[in-house]
Every structure is written in structure tokens, then in C-alpha cells.
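Enquirer: Starting off with a structure, shown below.
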Amino acid sequence: MIGFIRLFVMLLVALTVVYVSLSLYSRAVRRSKLKKKWHDGKQLVDRDTFVQRGLERYDGSIRRKLILLVYVVPVVVIALIIYLTNFT
């Protein structure tokens with residue numbers, strides 16, 4: 001049982017590193033796309049305001065929430081493998 005708990009904790013630490021990295025990367029890509037969109041379009045507001053508003057919309061988007069699947073998918077797959085190995 002202790003081995004399982006240790007494995008689970010290490011898995012959560014590794015998934016947290018992946019989640020943070022993926023989240024920061026996705027936000028950086030969104031920021032660069034917003035800067036390019038501002039540069040190509042009409043400049044009704046300054047660039048920083050445009051990017052800030054775009055990132056606020058991004059924070060509430062479904063894409064941001066889908067990154068949480070980094071936690072869900074591996075845990076479900078491991079649970080499924082354990083179940084199929086032991087009970088079938």
C-alpha cells in the first residue's frame with residue numbers, strides 16, 4: 001500500500017510539472033497570436049490593452065480548461081489497467 005501511495009504522489013508531481021509547462025506554453029502561444037492579430041488589424045487600442053483583454057478571454061475559454069485533462073487521462077488509464085489486470 002505504501003508503494004502505491006508513493007507512486008501516486010510521484011505521478012501527481014510529474015503531472016503538475018507537465019500541466020504548468022503546458023499551461024505556460026499555451027498562454028505564450030496565445031499571447032504571440034494576439035500580438036500578431038493586433039499588428040495585422042486595426043489598432044483601435046494600444047497593444048498591451050488588446051493583449052490583456054484577449055488573455056482574459058482566454059482564461060475563461062474551454063481550451064484552458066481542456067489542459068486539466070493532463071490530470072484526468074493518466075489516472076483513468078492507470079485505474080483501467082489495474083482493474084483489467086486484477087478483475088478480468
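Scheme for the C-alpha cells: letters A, B, ... for chains in order shown; per-chain residue numbers from 1; ligand numbers from 1 in order shown.
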When you look at Asp59 of chain A with a cut-off of 12 Å (counting only C-alpha atoms), what residues show up, excluding the ones that are within fewer than 6 positions of it in the same chain? I need them as JSON, numbers by chain.

Expert: {"A": [23, 24, 26, 27, 30, 31, 52, 53, 65, 66, 67]}

Enquirer: Quick one: write out the picked residues with C-alpha atoms as an mmCIF file, in the first residue's frame?

Expert:
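What ended up in out08.cif:
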```
data_model
loop_
_atom_site.group_PDB
_atom_site.id
_atom_site.type_symbol
_atom_site.label_atom_id
_atom_site.label_comp_id
_atom_site.auth_asym_id
_atom_site.auth_seq_id
_atom_site.Cartn_x
_atom_site.Cartn_y
_atom_site.Cartn_z
ATOM 1 C CA SER A 23 -0.263 25.961 -19.463
ATOM 2 C CA LEU A 24 2.613 28.438 -19.735
ATOM 3 C CA SER A 26 -0.283 27.661 -24.352
ATOM 4 C CA ARG A 27 -0.523 31.124 -22.809
ATOM 5 C CA ARG A 30 -1.943 32.810 -27.343
ATOM 6 C CA ARG A 31 -0.063 36.000 -26.431
ATOM 7 C CA GLN A 52 -4.556 41.812 -21.887
ATOM 8 C CA ARG A 53 -8.224 41.657 -22.919
ATOM 9 C CA LYS A 65 -9.988 24.009 -19.174
ATOM 10 C CA LEU A 66 -9.030 21.160 -21.518
ATOM 11 C CA ILE A 67 -5.456 21.345 -20.254
#
```

Enquirer: For segment 15-17 of chain A, work out the shell of residues within 10 Å, counting only C-alpha atoms and skipping chain neighbours fewer than 3 positions away, then give it as a ChimeraX atom specification.

Expert: /A:9-12,20-23,68,70-72,74-75

Enquirer: What is the atom CA of Gly41 of chain A to atom CA of Leu55 of chain A distance in Å?

Expert: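 Taking atom CA of Gly41 of chain A as the start and atom CA of Leu55 of chain A as the end point, the length is 17.3 Å.
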
Enquirer: Between atom CA of Phe50 of chain A and atom CA of Lys37 of chain A, what is the distance, to one decimal in Å?

Expert: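 So the two atoms, atom CA of Phe50 of chain A and atom CA of Lys37 of chain A, lie 9.5 Å apart.
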
Enquirer: Excluding same-chain residues fewer than 2 positions from Trp38 of chain A, what lies within 12 Å of it counting only C-alpha atoms, as a PyMOL selection string?

Expert: chain A and resi 31-36+40-54

Enquirer: I need the residues from that last selection saved to file as a PDB file, in the first residue's frame (with C-alpha atoms), if you can.

Expert:
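As written to disk, out-v2.pdb reads:
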```
ATOM      1  CA  ARG A  31      -0.063  36.000 -26.431  1.00  0.00           C
ATOM      2  CA  SER A  32       2.003  35.870 -29.627  1.00  0.00           C
ATOM      3  CA  LYS A  33      -1.109  35.254 -31.747  1.00  0.00           C
ATOM      4  CA  LEU A  34      -2.815  38.244 -30.137  1.00  0.00           C
ATOM      5  CA  LYS A  35       0.196  40.457 -30.836  1.00  0.00           C
ATOM      6  CA  LYS A  36       0.214  39.347 -34.469  1.00  0.00           C
ATOM      7  CA  ASP A  40      -2.269  42.934 -38.770  1.00  0.00           C
ATOM      8  CA  GLY A  41      -5.613  44.544 -37.882  1.00  0.00           C
ATOM      9  CA  LYS A  42      -6.893  47.977 -36.961  1.00  0.00           C
ATOM     10  CA  GLN A  43      -5.159  49.455 -33.942  1.00  0.00           C
ATOM     11  CA  LEU A  44      -8.161  50.871 -32.064  1.00  0.00           C
ATOM     12  CA  VAL A  45      -6.487  50.388 -28.661  1.00  0.00           C
ATOM     13  CA  ASP A  46      -2.867  50.067 -27.649  1.00  0.00           C
ATOM     14  CA  ARG A  47      -1.213  46.670 -27.977  1.00  0.00           C
ATOM     15  CA  ASP A  48      -0.899  45.920 -24.269  1.00  0.00           C
ATOM     16  CA  THR A  49      -4.594  46.551 -23.641  1.00  0.00           C
ATOM     17  CA  PHE A  50      -5.569  44.418 -26.633  1.00  0.00           C
ATOM     18  CA  VAL A  51      -3.355  41.537 -25.498  1.00  0.00           C
ATOM     19  CA  GLN A  52      -4.556  41.812 -21.887  1.00  0.00           C
ATOM     20  CA  ARG A  53      -8.224  41.657 -22.919  1.00  0.00           C
ATOM     21  CA  GLY A  54      -7.513  38.712 -25.196  1.00  0.00           C
TER      22      GLY A  54
END
```

Enquirer: To one decimal place in Å, what is the distance between atom CA of Val73 of chain A and atom CA of Val18 of chain A?

Expert: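 Taking atom CA of Val73 of chain A and atom CA of Val18 of chain A, their separation equals 12.8 Å.
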
Enquirer: Closest to Phe8 of chain A among A:Ile78, A:Ser61, A:Val29, A:Phe87, using only C-alpha atoms?

Expert: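 The shortest atom-to-atom distance to Phe8 of chain A comes from A:Ile78.
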